[in-house]
>>> print(open('entry_25.cif').read())   # mmCIF, C-alpha atoms
data_input
#
loop_
_atom_site.group_PDB
_atom_site.id
_atom_site.type_symbol
_atom_site.label_atom_id
_atom_site.label_comp_id
_atom_site.auth_asym_id
_atom_site.auth_seq_id
_atom_site.Cartn_x
_atom_site.Cartn_y
_atom_site.Cartn_z
ATOM 1 C CA MET D 149 93.527 89.277 171.221
ATOM 2 C CA SER D 150 94.697 87.810 167.958
ATOM 3 C CA ALA D 151 97.140 89.529 165.632
ATOM 4 C CA LEU D 152 94.416 89.922 162.996
ATOM 5 C CA SER D 153 92.166 91.803 165.440
ATOM 6 C CA ARG D 154 95.015 94.086 166.525
ATOM 7 C CA GLY D 155 95.761 94.880 162.874
ATOM 8 C CA LEU D 156 92.130 95.776 162.174
ATOM 9 C CA ILE D 157 91.925 98.024 165.241
ATOM 10 C CA SER D 158 95.144 99.851 164.315
ATOM 11 C CA ARG D 159 93.834 100.467 160.783
ATOM 12 C CA LEU D 160 90.534 101.804 162.137
ATOM 13 C CA ARG D 161 92.377 104.150 164.497
ATOM 14 C CA ALA D 162 94.476 105.425 161.601
ATOM 15 C CA LEU D 163 91.403 106.043 159.461
ATOM 16 C CA LEU D 164 89.200 107.463 162.253
ATOM 17 C CA PRO D 165 91.310 109.405 164.756
ATOM 18 C CA LEU D 166 88.662 109.966 167.424
ATOM 19 C CA SER D 167 91.040 111.395 170.031
ATOM 20 C CA HIS D 168 92.092 114.312 167.835
ATOM 21 C CA PRO D 169 89.874 117.099 166.520
ATOM 22 C CA PRO D 170 89.032 116.924 162.838
ATOM 23 C CA GLN D 171 91.491 118.795 160.680
ATOM 24 C CA THR D 172 90.418 120.721 157.648
ATOM 25 C CA THR D 173 92.426 120.123 154.524
ATOM 26 C CA SER D 174 92.475 122.772 151.847
ATOM 27 C CA ILE D 175 92.497 121.396 148.324
ATOM 28 C CA SER D 176 93.380 123.792 145.559
ATOM 29 C CA ILE D 177 92.215 122.875 142.086
ATOM 30 C CA HIS D 178 93.887 124.616 139.195
ATOM 31 C CA TRP D 179 91.763 124.898 136.067
ATOM 32 C CA ARG D 180 93.327 125.647 132.762
ATOM 33 C CA ALA D 181 91.123 127.850 130.633
ATOM 34 C CA PHE D 182 91.600 128.465 126.934
ATOM 35 C CA SER D 183 90.165 131.603 125.476
ATOM 36 C CA SER D 184 90.128 132.898 121.948
ATOM 37 C CA SER D 185 92.944 135.318 122.773
ATOM 38 C CA ALA D 186 95.059 132.439 124.106
ATOM 39 C CA ALA D 187 94.472 130.430 120.960
ATOM 40 C CA GLU D 188 95.469 133.423 118.846
ATOM 41 C CA ALA D 189 98.610 133.817 120.910
ATOM 42 C CA VAL D 190 99.486 130.176 120.286
ATOM 43 C CA MET D 191 98.911 130.604 116.551
ATOM 44 C CA GLU D 192 101.068 133.735 116.448
ATOM 45 C CA GLY D 193 103.852 132.045 118.393
ATOM 46 C CA GLU D 194 103.607 134.315 121.433
ATOM 47 C CA VAL D 195 103.487 131.403 123.858
ATOM 48 C CA GLY D 196 106.893 130.692 125.301
ATOM 49 C CA GLY D 197 108.235 127.276 126.169
ATOM 50 C CA ASP D 198 107.540 124.107 124.277
ATOM 51 C CA GLY D 199 104.715 125.600 122.232
ATOM 52 C CA ASN D 200 101.911 123.917 124.129
ATOM 53 C CA GLY D 201 101.364 126.567 126.759
ATOM 54 C CA ASN D 202 103.466 125.026 129.520
ATOM 55 C CA GLY D 203 106.545 127.180 129.122
ATOM 56 C CA ASP D 204 110.122 125.972 129.338
ATOM 57 C CA GLY D 205 112.227 128.976 130.035
ATOM 58 C CA GLY D 206 111.107 131.613 127.544
ATOM 59 C CA ARG D 207 111.328 129.805 124.199
ATOM 60 C CA VAL D 208 109.307 131.681 121.592
ATOM 61 C CA ILE D 209 108.087 129.824 118.498
ATOM 62 C CA VAL D 210 107.028 132.145 115.720
ATOM 63 C CA ALA D 211 105.073 130.981 112.676
ATOM 64 C CA LYS D 212 107.010 132.685 109.895
ATOM 65 C CA SER D 213 108.913 131.687 106.774
ATOM 66 C CA GLY D 214 112.637 131.128 106.977
ATOM 67 C CA VAL D 215 115.627 129.854 105.051
ATOM 68 C CA MET D 216 116.207 126.102 104.986
ATOM 69 C CA GLY D 217 119.730 124.997 105.719
ATOM 70 C CA ALA D 218 121.600 121.931 104.543
ATOM 71 C CA GLU D 219 121.040 120.168 107.882
ATOM 72 C CA SER D 220 117.470 121.376 108.415
ATOM 73 C CA LYS D 221 114.713 118.794 108.702
ATOM 74 C CA ARG D 222 111.080 119.718 108.079
ATOM 75 C CA THR D 223 108.026 118.087 109.564
ATOM 76 C CA GLY D 224 105.989 115.519 107.679
ATOM 77 C CA ALA D 225 102.263 115.187 107.082
ATOM 78 C CA ILE D 226 99.464 112.627 107.376
ATOM 79 C CA ALA D 227 97.431 111.701 104.307
ATOM 80 C CA VAL D 228 94.520 109.431 103.465
ATOM 81 C CA LYS D 229 95.002 107.047 100.552
ATOM 82 C CA CYS D 230 92.084 107.611 98.165
ATOM 83 C CA GLY D 231 93.061 105.017 95.548
ATOM 84 C CA MET D 232 94.921 104.891 92.237
ATOM 85 C CA THR D 233 94.239 106.438 88.863
ATOM 86 C CA LEU D 234 95.921 107.215 85.539
ATOM 87 C CA LEU D 235 97.061 110.637 84.367
ATOM 88 C CA TRP D 236 98.608 111.771 81.104
ATOM 89 C CA ASP D 237 101.308 114.421 81.060
ATOM 90 C CA LYS D 238 101.655 117.159 78.457
ATOM 91 C CA TRP D 239 103.603 114.811 76.162
ATOM 92 C CA GLY D 240 100.869 112.176 76.238
ATOM 93 C CA LYS D 241 102.789 109.781 78.475
ATOM 94 C CA LYS D 242 100.677 107.676 80.831
ATOM 95 C CA ILE D 243 101.535 108.022 84.538
ATOM 96 C CA PRO D 244 100.074 105.611 87.140
ATOM 97 C CA THR D 245 99.412 107.685 90.251
ATOM 98 C CA THR D 246 98.094 107.334 93.791
ATOM 99 C CA VAL D 247 95.738 110.011 95.099
ATOM 100 C CA LEU D 248 96.520 111.252 98.624
ATOM 101 C CA TRP D 249 94.314 113.605 100.641
ATOM 102 C CA LEU D 250 95.754 115.724 103.456
ATOM 103 C CA ASP D 251 92.720 115.899 105.738
ATOM 104 C CA ASP D 252 93.057 118.984 107.955
ATOM 105 C CA ASN D 253 96.621 118.503 109.207
ATOM 106 C CA VAL D 254 97.323 120.581 112.334
ATOM 107 C CA VAL D 255 100.298 120.741 114.689
ATOM 108 C CA SER D 256 98.918 119.329 117.947
ATOM 109 C CA GLN D 257 102.036 119.352 120.144
ATOM 110 C CA VAL D 258 105.580 120.712 120.162
ATOM 111 C CA LYS D 259 108.404 118.817 121.843
ATOM 112 C CA THR D 260 111.670 120.532 122.708
ATOM 113 C CA VAL D 261 115.037 119.695 124.211
ATOM 114 C CA GLU D 262 114.257 121.563 127.418
ATOM 115 C CA LYS D 263 111.313 119.311 128.287
ATOM 116 C CA GLU D 264 111.426 116.080 126.276
ATOM 117 C CA GLY D 265 115.104 116.041 125.327
ATOM 118 C CA PHE D 266 114.606 116.307 121.562
ATOM 119 C CA PHE D 267 112.878 118.416 118.925
ATOM 120 C CA ALA D 268 109.733 117.024 117.309
ATOM 121 C CA LEU D 269 106.289 118.042 116.110
ATOM 122 C CA GLN D 270 103.143 116.010 116.674
ATOM 123 C CA VAL D 271 100.703 116.360 113.780
ATOM 124 C CA GLY D 272 97.026 115.425 113.902
ATOM 125 C CA ALA D 273 94.753 114.687 110.954
ATOM 126 C CA GLY D 274 91.047 114.100 110.398
ATOM 127 C CA GLN D 275 88.212 114.602 112.855
ATOM 128 C CA LYS D 276 86.779 112.411 115.573
ATOM 129 C CA LYS D 277 83.972 112.812 118.085
ATOM 130 C CA GLU D 278 84.805 113.069 121.742
ATOM 131 C CA LYS D 279 82.686 110.031 122.622
ATOM 132 C CA HIS D 280 84.885 107.871 120.390
ATOM 133 C CA LEU D 281 88.105 108.907 122.157
ATOM 134 C CA THR D 282 89.564 107.745 125.442
ATOM 135 C CA LYS D 283 89.734 110.165 128.368
ATOM 136 C CA PRO D 284 93.541 110.544 128.137
ATOM 137 C CA GLU D 285 93.205 111.417 124.451
ATOM 138 C CA VAL D 286 90.478 113.971 125.151
ATOM 139 C CA GLY D 287 92.588 115.483 127.916
ATOM 140 C CA HIS D 288 95.578 115.717 125.582
ATOM 141 C CA PHE D 289 93.643 117.604 122.908
ATOM 142 C CA ARG D 290 92.047 119.931 125.445
ATOM 143 C CA ALA D 291 95.399 120.681 127.058
ATOM 144 C CA GLN D 292 96.872 121.618 123.698
ATOM 145 C CA GLY D 293 93.802 123.617 122.682
ATOM 146 C CA VAL D 294 93.322 121.844 119.341
ATOM 147 C CA PRO D 295 90.306 120.010 117.897
ATOM 148 C CA MET D 296 89.835 116.269 118.356
ATOM 149 C CA LYS D 297 91.874 114.399 115.752
ATOM 150 C CA ARG D 298 91.527 110.905 114.337
ATOM 151 C CA LYS D 299 95.217 110.205 113.713
ATOM 152 C CA LEU D 300 98.381 111.450 115.397
ATOM 153 C CA LYS D 301 101.967 111.135 114.235
ATOM 154 C CA GLU D 302 105.211 112.509 115.631
ATOM 155 C CA PHE D 303 107.851 113.780 113.213
ATOM 156 C CA PRO D 304 111.389 114.622 114.394
ATOM 157 C CA VAL D 305 112.543 118.051 113.214
ATOM 158 C CA THR D 306 115.410 120.439 113.734
ATOM 159 C CA GLU D 307 115.140 123.461 115.990
ATOM 160 C CA ASP D 308 114.720 125.920 113.126
ATOM 161 C CA ALA D 309 111.742 123.917 111.760
ATOM 162 C CA LEU D 310 109.561 124.178 114.890
ATOM 163 C CA LEU D 311 106.001 125.411 114.428
ATOM 164 C CA PRO D 312 103.542 126.693 117.059
ATOM 165 C CA VAL D 313 100.588 124.571 118.094
ATOM 166 C CA GLY D 314 97.608 125.033 115.803
ATOM 167 C CA THR D 315 99.606 125.656 112.619
ATOM 168 C CA SER D 316 97.908 124.129 109.594
ATOM 169 C CA ILE D 317 99.935 121.971 107.199
ATOM 170 C CA SER D 318 98.432 121.929 103.724
ATOM 171 C CA VAL D 319 99.328 120.070 100.554
ATOM 172 C CA ARG D 320 101.509 123.031 99.544
ATOM 173 C CA HIS D 321 103.981 121.843 102.167
ATOM 174 C CA PHE D 322 105.261 119.688 99.294
ATOM 175 C CA VAL D 323 106.331 120.863 95.843
ATOM 176 C CA PRO D 324 105.513 119.110 92.534
ATOM 177 C CA GLY D 325 108.624 117.417 91.220
ATOM 178 C CA GLN D 326 110.174 116.589 94.585
ATOM 179 C CA TYR D 327 110.589 113.099 96.050
ATOM 180 C CA ILE D 328 109.010 111.934 99.301
ATOM 181 C CA ASP D 329 109.030 108.806 101.473
ATOM 182 C CA VAL D 330 105.610 107.267 102.134
ATOM 183 C CA THR D 331 105.047 105.007 105.159
ATOM 184 C CA GLY D 332 101.937 102.916 105.773
ATOM 185 C CA ILE D 333 100.574 99.556 106.872
ATOM 186 C CA SER D 334 100.515 97.111 103.960
ATOM 187 C CA LYS D 335 97.394 95.185 103.023
ATOM 188 C CA GLY D 336 96.817 92.124 105.175
ATOM 189 C CA LYS D 337 96.706 88.885 103.136
ATOM 190 C CA GLY D 338 96.158 86.445 105.973
ATOM 191 C CA PHE D 339 97.908 83.065 106.227
ATOM 192 C CA GLN D 340 99.512 82.286 102.854
ATOM 193 C CA GLY D 341 101.695 79.551 101.433
ATOM 194 C CA THR D 342 105.265 79.799 100.271
ATOM 195 C CA MET D 343 104.438 80.291 96.588
ATOM 196 C CA LYS D 344 102.430 83.458 97.218
ATOM 197 C CA ARG D 345 104.370 84.711 100.210
ATOM 198 C CA TRP D 346 107.925 84.119 98.957
ATOM 199 C CA ASN D 347 107.442 83.478 95.209
ATOM 200 C CA PHE D 348 108.552 79.833 95.439
ATOM 201 C CA LYS D 349 108.519 77.944 92.157
ATOM 202 C CA GLY D 350 106.539 74.997 93.525
ATOM 203 C CA GLY D 351 106.800 71.290 92.742
ATOM 204 C CA PRO D 352 106.328 69.497 89.427
ATOM 205 C CA ALA D 353 102.876 69.753 87.918
ATOM 206 C CA SER D 354 102.658 66.103 86.808
ATOM 207 C CA HIS D 355 105.457 63.539 86.943
ATOM 208 C CA GLY D 356 106.887 62.610 90.299
ATOM 209 C CA ALA D 357 104.526 64.782 92.356
ATOM 210 C CA SER D 358 101.637 63.604 94.454
ATOM 211 C CA LEU D 359 99.658 66.252 96.352
ATOM 212 C CA SER D 360 102.811 68.371 96.681
ATOM 213 C CA HIS D 361 102.489 70.790 93.781
ATOM 214 C CA ARG D 362 102.455 73.904 95.972
ATOM 215 C CA SER D 363 104.262 72.613 99.050
ATOM 216 C CA ALA D 364 107.401 74.222 100.437
ATOM 217 C CA GLY D 365 109.542 71.110 100.133
ATOM 218 C CA SER D 366 112.461 70.318 102.424
ATOM 219 C CA THR D 367 113.137 72.766 105.267
ATOM 220 C CA GLY D 368 116.176 71.284 107.019
ATOM 221 C CA GLN D 369 119.116 68.871 106.910
ATOM 222 C CA ARG D 370 120.040 65.587 108.593
ATOM 223 C CA ASP D 371 121.776 65.059 111.951
ATOM 224 C CA ALA D 372 123.998 68.063 111.328
ATOM 225 C CA PRO D 373 122.724 70.590 112.249
ATOM 226 C CA GLY D 374 119.523 68.676 113.069
ATOM 227 C CA LYS D 375 117.308 71.758 113.141
ATOM 228 C CA VAL D 376 115.567 74.340 110.979
ATOM 229 C CA PHE D 377 117.436 77.623 110.923
ATOM 230 C CA LYS D 378 115.700 80.764 112.096
ATOM 231 C CA GLY D 379 114.401 82.953 109.319
ATOM 232 C CA LYS D 380 113.599 80.061 107.001
ATOM 233 C CA LYS D 381 111.054 81.131 104.396
ATOM 234 C CA MET D 382 107.917 79.182 105.193
ATOM 235 C CA ALA D 383 104.157 79.621 105.109
ATOM 236 C CA GLY D 384 102.740 82.204 107.505
ATOM 237 C CA ARG D 385 100.890 85.457 107.900
ATOM 238 C CA MET D 386 101.460 87.816 105.012
ATOM 239 C CA GLY D 387 101.059 91.606 104.966
ATOM 240 C CA GLY D 388 99.714 93.891 107.656
ATOM 241 C CA LYS D 389 103.141 95.330 108.473
ATOM 242 C CA GLN D 390 104.604 98.801 108.344
ATOM 243 C CA ARG D 391 106.376 99.425 105.085
ATOM 244 C CA THR D 392 108.026 102.503 103.559
ATOM 245 C CA VAL D 393 108.226 103.243 99.844
ATOM 246 C CA LYS D 394 111.181 105.536 99.282
ATOM 247 C CA SER D 395 111.684 108.266 96.692
ATOM 248 C CA VAL D 396 108.092 108.604 95.479
ATOM 249 C CA TRP D 397 107.769 111.332 92.861
ATOM 250 C CA VAL D 398 105.175 114.067 93.457
ATOM 251 C CA TYR D 399 103.534 114.722 90.093
ATOM 252 C CA LYS D 400 100.673 117.104 90.912
ATOM 253 C CA ILE D 401 99.036 118.933 93.816
ATOM 254 C CA ASP D 402 95.634 120.621 94.117
ATOM 255 C CA PRO D 403 95.644 123.298 96.866
ATOM 256 C CA GLN D 404 91.894 123.860 96.532
ATOM 257 C CA ARG D 405 90.998 120.276 97.485
ATOM 258 C CA ASN D 406 94.198 119.556 99.466
ATOM 259 C CA ILE D 407 94.941 116.563 97.239
ATOM 260 C CA MET D 408 98.203 115.355 95.735
ATOM 261 C CA TRP D 409 99.076 112.781 93.079
ATOM 262 C CA VAL D 410 102.251 110.717 93.461
ATOM 263 C CA LYS D 411 103.712 108.321 90.910
ATOM 264 C CA GLY D 412 103.371 104.619 91.629
ATOM 265 C CA GLN D 413 101.874 102.713 94.522
ATOM 266 C CA VAL D 414 102.017 103.316 98.267
ATOM 267 C CA PRO D 415 101.402 100.839 101.121
ATOM 268 C CA GLY D 416 97.957 100.209 102.540
ATOM 269 C CA PRO D 417 94.371 99.780 101.353
ATOM 270 C CA THR D 418 92.116 102.563 100.183
ATOM 271 C CA GLY D 419 91.038 104.758 103.091
ATOM 272 C CA SER D 420 94.084 104.048 105.247
ATOM 273 C CA PHE D 421 96.443 106.639 106.691
ATOM 274 C CA VAL D 422 99.947 107.100 105.297
ATOM 275 C CA PHE D 423 102.760 109.313 106.546
ATOM 276 C CA LEU D 424 104.649 111.623 104.185
ATOM 277 C CA LYS D 425 108.044 113.244 104.628
ATOM 278 C CA ASP D 426 110.883 114.539 102.487
ATOM 279 C CA ALA D 427 112.862 111.763 100.810
ATOM 280 C CA VAL D 428 116.070 110.606 102.466
ATOM 281 C CA TYR D 429 117.928 109.425 99.350
ATOM 282 C CA GLU D 430 116.502 111.627 96.573
ATOM 283 C CA LYS D 431 116.828 114.835 98.551
ATOM 284 C CA PRO D 432 114.779 117.719 97.149
ATOM 285 C CA ASP D 433 116.178 121.090 96.218
ATOM 286 C CA ILE D 434 115.992 123.048 99.478
ATOM 287 C CA SER D 435 115.674 126.335 97.593
ATOM 288 C CA THR D 436 112.259 125.269 96.237
ATOM 289 C CA LEU D 437 110.769 123.975 99.499
ATOM 290 C CA PRO D 438 108.656 126.190 101.782
ATOM 291 C CA PHE D 439 110.354 126.338 105.163
ATOM 292 C CA PRO D 440 109.343 125.393 107.787
ATOM 293 C CA THR D 441 106.024 125.006 105.937
ATOM 294 C CA HIS D 442 103.807 126.922 103.531
ATOM 295 C CA PHE D 443 102.057 129.944 105.035
ATOM 296 C CA ALA D 444 99.115 131.314 103.089
ATOM 297 C CA LYS D 445 99.342 134.993 102.212
ATOM 298 C CA GLU D 446 96.947 137.386 103.849
ATOM 299 C CA GLY D 447 93.734 137.576 101.875
ATOM 300 C CA GLU D 448 94.637 134.607 99.648
ATOM 301 C CA GLU D 449 91.594 132.531 98.669
ATOM 302 C CA VAL D 450 92.167 128.807 98.311
ATOM 303 C CA GLU D 451 89.126 128.392 96.047
ATOM 304 C CA GLY D 452 90.798 130.313 93.231
ATOM 305 C CA LEU D 453 94.067 128.369 93.176
ATOM 306 C CA GLU D 454 94.843 126.178 90.189
ATOM 307 C CA PRO D 455 96.492 122.734 90.420
ATOM 308 C CA LEU D 456 100.291 122.697 90.209
ATOM 309 C CA VAL D 457 102.059 120.148 87.990
ATOM 310 C CA ALA D 458 105.704 119.105 88.026
ATOM 311 C CA ASP D 459 107.975 120.674 85.424
ATOM 312 C CA LEU D 460 108.650 118.061 82.730
ATOM 313 C CA GLY D 461 111.051 120.167 80.663
ATOM 314 C CA GLU D 462 110.861 121.071 76.992
ATOM 315 C CA LEU D 463 112.178 117.814 75.532
ATOM 316 C CA ASP D 464 109.541 115.468 74.144
ATOM 317 C CA PRO D 465 110.507 111.967 75.387
ATOM 318 C CA PHE D 466 108.950 110.336 72.293
ATOM 319 C CA MET D 467 110.924 112.532 69.927
ATOM 320 C CA ALA D 468 114.110 111.937 71.949
ATOM 321 C CA ALA D 469 113.618 108.183 71.594
ATOM 322 C CA ASP D 470 113.510 108.485 67.823
#
>>> encode(input="entry_25.cif", output="structure tokens")
Amino acid sequence: MSALSRGLISRLRALLPLSHPPQTTSISIHWRAFSSSAAEAVMEGEVGGDGNGNGDGGRVIVAKSGVMGAESKRTGAIAVKCGMTLLWDKWGKKIPTTVLWLDDNVVSQVKTVEKEGFFALQVGAGQKKEKHLTKPEVGHFRAQGVPMKRKLKEFPVTEDALLPVGTSISVRHFVPGQYIDVTGISKGKGFQGTMKRWNFKGGPASHGASLSHRSAGSTGQRDAPGKVFKGKKMAGRMGGKQRTVKSVWVYKIDPQRNIMWVKGQVPGPTGSFVFLKDAVYEKPDISTLPFPTHFAKEGEEVEGLEPLVADLGELDPFMAAD
């Protein structure tokens, strides 16, 4: 009998043990059910552990306002870039602004030191149908007990800034007049030359130039070093990379429509997602920020809220210039 035949017979005996009676194997399947009372418990912070229902030793996360310390770090938010427009302040000064829409931001997962080794909040924004999500994504949302979200982003926070799963983050998380950092994917320009990509001057327009008006010119040396150094500015793909604009001034917020206006431009095309967080360099006044986020008062109607504008002071800039 060949070795191949002996191997096949041994595998068949292992799979079909005819000499032994069939053994029954008990398989226990644990289903995780989410009821309305469980969701309310998550919202009220009565679920111990990491905030997602798993439990990590009795940690209780309560959704309530607190006092922000000097080392405290709040969560960020996800916004949709709606485009740019012009606004005029009370002095008649023109302000170029970008309109950002916070589309149903919800805390979708809490990460703690006991389980993941660090403190962070995962925030989801937008809506998406289940058929357009992968099975792992659907399982993640069902395990956390939150609706299906289009975009997810993890923000590192301090322990005192943790929020329970299901907490809503509105535009009132930010205050008019503060500075924020905005991160997004810049517009893709495709393959571009050196004049557009790196602002090269270009060659002569007439004398001494033949079909080299927009060329890059020389890129290396002679025998020494005999190569082109890494990082040389040359033609290539431009845009489509993650970029952060720091210290963007928040001019106005509209709690009714969950929209905010920030001064200047932010990365990305219209309709793209951008990530907002408190500025690193131009740190806001912690006494004016809602901590860990803004919680609506009981019975407060969002429809009746008026837009909030940054305080511009009582000095007319045009009169001060004179």
>>> axis_aligned_box(input="entry_25.cif", around="segment 249-255 of chain D", padding_each_side="6 Å", output="JSON")
{"center_x": 96.5, "center_y": 117.2, "center_z": 107.7, "size_x": 19.6, "size_y": 19.1, "size_z": 26.0}
>>> closest_residue(input="entry_25.cif", among="D:Ala268, D:Val410, D:Ala468, D:Leu250", to="Arg320 of chain D", atoms="only C-alpha atoms")
D:Leu250
>>> closest_atom_pairs(input="entry_25.cif", of="segment 348-436 of chain D", to="segment 441-458 of chain D", cutoff="10 Å", atoms="all atoms listed in the file", output="Markdown table")
| residue | atom | partner | partner_atom | distance |
| --- | --- | --- | --- | --- |
| D:Trp397 | CA | D:Ala458 | CA | 9.4 |
| D:Val398 | CA | D:Ala458 | CA | 7.4 |
| D:Tyr399 | CA | D:Ala458 | CA | 5.3 |
| D:Lys400 | CA | D:Val457 | CA | 4.4 |
| D:Ile401 | CA | D:Leu456 | CA | 5.4 |
| D:Asp402 | CA | D:Pro455 | CA | 4.3 |
| D:Pro403 | CA | D:Leu453 | CA | 6.5 |
| D:Gln404 | CA | D:Val450 | CA | 5.3 |
| D:Arg405 | CA | D:Glu451 | CA | 8.5 |
| D:Asn406 | CA | D:Val450 | CA | 9.5 |
| D:Ile407 | CA | D:Pro455 | CA | 9.3 |
| D:Met408 | CA | D:Pro455 | CA | 9.3 |
| D:Trp409 | CA | D:Val457 | CA | 9.4 |
>>> atom_distance(input="entry_25.cif", atom1="atom CA of Gly412 of chain D", atom2="atom CA of Asp464 of chain D")
21.5 Å
>>> closest_residue(input="entry_25.cif", among="D:Val428, D:Val414, D:Asp308, D:Asp252", to="Val215 of chain D", atoms="all atoms listed in the file")
D:Asp308
>>> atom_distance(input="entry_25.cif", atom1="atom CA of Trp239 of chain D", atom2="atom CA of Glu462 of chain D")
9.6 Å
>>> resolve_selection(input="entry_25.cif", expression="the PyMOL selection byres ((chain D and resi 376-392) around 8)", output="VMD selection string")
chain D and resid 329 to 342 345 to 346 364 367 to 369 374 to 375 393 to 394 415
>>> write_last_selection(input="entry_25.cif", atoms="C-alpha atoms", output="short mmCIF file (atom, residue, chain, number, x, y, z; two decimals), keeping the file's coordinate frame")
data_model
loop_
_atom_site.label_atom_id
_atom_site.label_comp_id
_atom_site.auth_asym_id
_atom_site.auth_seq_id
_atom_site.Cartn_x
_atom_site.Cartn_y
_atom_site.Cartn_z
CA ASP D 329 109.03 108.81 101.47
CA VAL D 330 105.61 107.27 102.13
CA THR D 331 105.05 105.01 105.16
CA GLY D 332 101.94 102.92 105.77
CA ILE D 333 100.57 99.56 106.87
CA SER D 334 100.52 97.11 103.96
CA LYS D 335 97.39 95.18 103.02
CA GLY D 336 96.82 92.12 105.18
CA LYS D 337 96.71 88.88 103.14
CA GLY D 338 96.16 86.44 105.97
CA PHE D 339 97.91 83.06 106.23
CA GLN D 340 99.51 82.29 102.85
CA GLY D 341 101.70 79.55 101.43
CA THR D 342 105.26 79.80 100.27
CA ARG D 345 104.37 84.71 100.21
CA TRP D 346 107.92 84.12 98.96
CA ALA D 364 107.40 74.22 100.44
CA THR D 367 113.14 72.77 105.27
CA GLY D 368 116.18 71.28 107.02
CA GLN D 369 119.12 68.87 106.91
CA GLY D 374 119.52 68.68 113.07
CA LYS D 375 117.31 71.76 113.14
CA VAL D 393 108.23 103.24 99.84
CA LYS D 394 111.18 105.54 99.28
CA PRO D 415 101.40 100.84 101.12
#
>>> atom_distance(input="entry_25.cif", atom1="atom CA of Met296 of chain D", atom2="atom CA of Leu310 of chain D")
21.5 Å
>>> residues_around(input="entry_25.cif", residues="Asp459 of chain D", least_positions_apart="2", cutoff="8 Å", atoms="all atoms listed in the file", output="list in words")
Pro324, Gly325, Val457 and Gly461 of chain D
>>> closest_residue(input="entry_25.cif", among="D:Arg207, D:Arg370, D:Arg298, D:Lys349", to="Asn253 of chain D", atoms="all atoms listed in the file")
D:Arg298
>>> resolve_selection(input="entry_25.cif", expression="the PyMOL selection byres ((chain D and resi 240) around 12)", output="tab-separated table (two decimals) with C-alpha atoms, keeping the file's coordinate frame")
chain	number	residue	atom	x	y	z
D	234	LEU	CA	95.92	107.22	85.54
D	235	LEU	CA	97.06	110.64	84.37
D	236	TRP	CA	98.61	111.77	81.10
D	237	ASP	CA	101.31	114.42	81.06
D	238	LYS	CA	101.66	117.16	78.46
D	239	TRP	CA	103.60	114.81	76.16
D	241	LYS	CA	102.79	109.78	78.47
D	242	LYS	CA	100.68	107.68	80.83
D	243	ILE	CA	101.54	108.02	84.54
D	460	LEU	CA	108.65	118.06	82.73
D	464	ASP	CA	109.54	115.47	74.14
D	465	PRO	CA	110.51	111.97	75.39
D	466	PHE	CA	108.95	110.34	72.29
D	467	MET	CA	110.92	112.53	69.93
>>> resolve_selection(input="entry_25.cif", expression="the PyMOL selection byres ((chain D and resi 314) around 9)", output="PyMOL selection string")
chain D and resi 187+190-191+254-257+292-294+311-313+315-316
>>> write_last_selection(input="entry_25.cif", atoms="C-alpha atoms", output="compact mmCIF listing (two decimals), in the frame of the given file")
# COMPACT_ATOMS: atom_id res chain seq x y z
CA ALA D 187 94.47 130.43 120.96
CA VAL D 190 99.49 130.18 120.29
CA MET D 191 98.91 130.60 116.55
CA VAL D 254 97.32 120.58 112.33
CA VAL D 255 100.30 120.74 114.69
CA SER D 256 98.92 119.33 117.95
CA GLN D 257 102.04 119.35 120.14
CA GLN D 292 96.87 121.62 123.70
CA GLY D 293 93.80 123.62 122.68
CA VAL D 294 93.32 121.84 119.34
CA LEU D 311 106.00 125.41 114.43
CA PRO D 312 103.54 126.69 117.06
CA VAL D 313 100.59 124.57 118.09
CA THR D 315 99.61 125.66 112.62
CA SER D 316 97.91 124.13 109.59
>>> closest_residue(input="entry_25.cif", among="D:Lys283, D:Phe289, D:Tyr327, D:Lys411", to="Ile434 of chain D", atoms="all atoms listed in the file")
D:Tyr327
>>> residues_near_point(input="entry_25.cif", point="(103.1, 111.7, 115.3)", cutoff="10 Å", atoms="all atoms listed in the file", output="mmCIF file with C-alpha atoms, keeping the file's coordinate frame")
data_model
loop_
_atom_site.group_PDB
_atom_site.id
_atom_site.type_symbol
_atom_site.label_atom_id
_atom_site.label_comp_id
_atom_site.auth_asym_id
_atom_site.auth_seq_id
_atom_site.Cartn_x
_atom_site.Cartn_y
_atom_site.Cartn_z
ATOM 1 C CA THR D 223 108.026 118.087 109.564
ATOM 2 C CA GLY D 224 105.989 115.519 107.679
ATOM 3 C CA ALA D 225 102.263 115.187 107.082
ATOM 4 C CA ILE D 226 99.464 112.627 107.376
ATOM 5 C CA VAL D 255 100.298 120.741 114.689
ATOM 6 C CA SER D 256 98.918 119.329 117.947
ATOM 7 C CA GLN D 257 102.036 119.352 120.144
ATOM 8 C CA ALA D 268 109.733 117.024 117.309
ATOM 9 C CA LEU D 269 106.289 118.042 116.110
ATOM 10 C CA GLN D 270 103.143 116.010 116.674
ATOM 11 C CA VAL D 271 100.703 116.360 113.780
ATOM 12 C CA GLY D 272 97.026 115.425 113.902
ATOM 13 C CA ALA D 273 94.753 114.687 110.954
ATOM 14 C CA LYS D 299 95.217 110.205 113.713
ATOM 15 C CA LEU D 300 98.381 111.450 115.397
ATOM 16 C CA LYS D 301 101.967 111.135 114.235
ATOM 17 C CA GLU D 302 105.211 112.509 115.631
ATOM 18 C CA PHE D 303 107.851 113.780 113.213
ATOM 19 C CA PRO D 304 111.389 114.622 114.394
ATOM 20 C CA PHE D 423 102.760 109.313 106.546
#
>>> residues_near_point(input="entry_25.cif", point="(107.7, 71.6, 93.0)", cutoff="10 Å", atoms="all atoms listed in the file", output="list in words")
Met343, Phe348, Lys349, Gly350, Gly351, Pro352, Ala353, Ser354, Gly356, Ala357, Ser360, His361, Arg362, Ser363, Ala364 and Gly365 of chain D
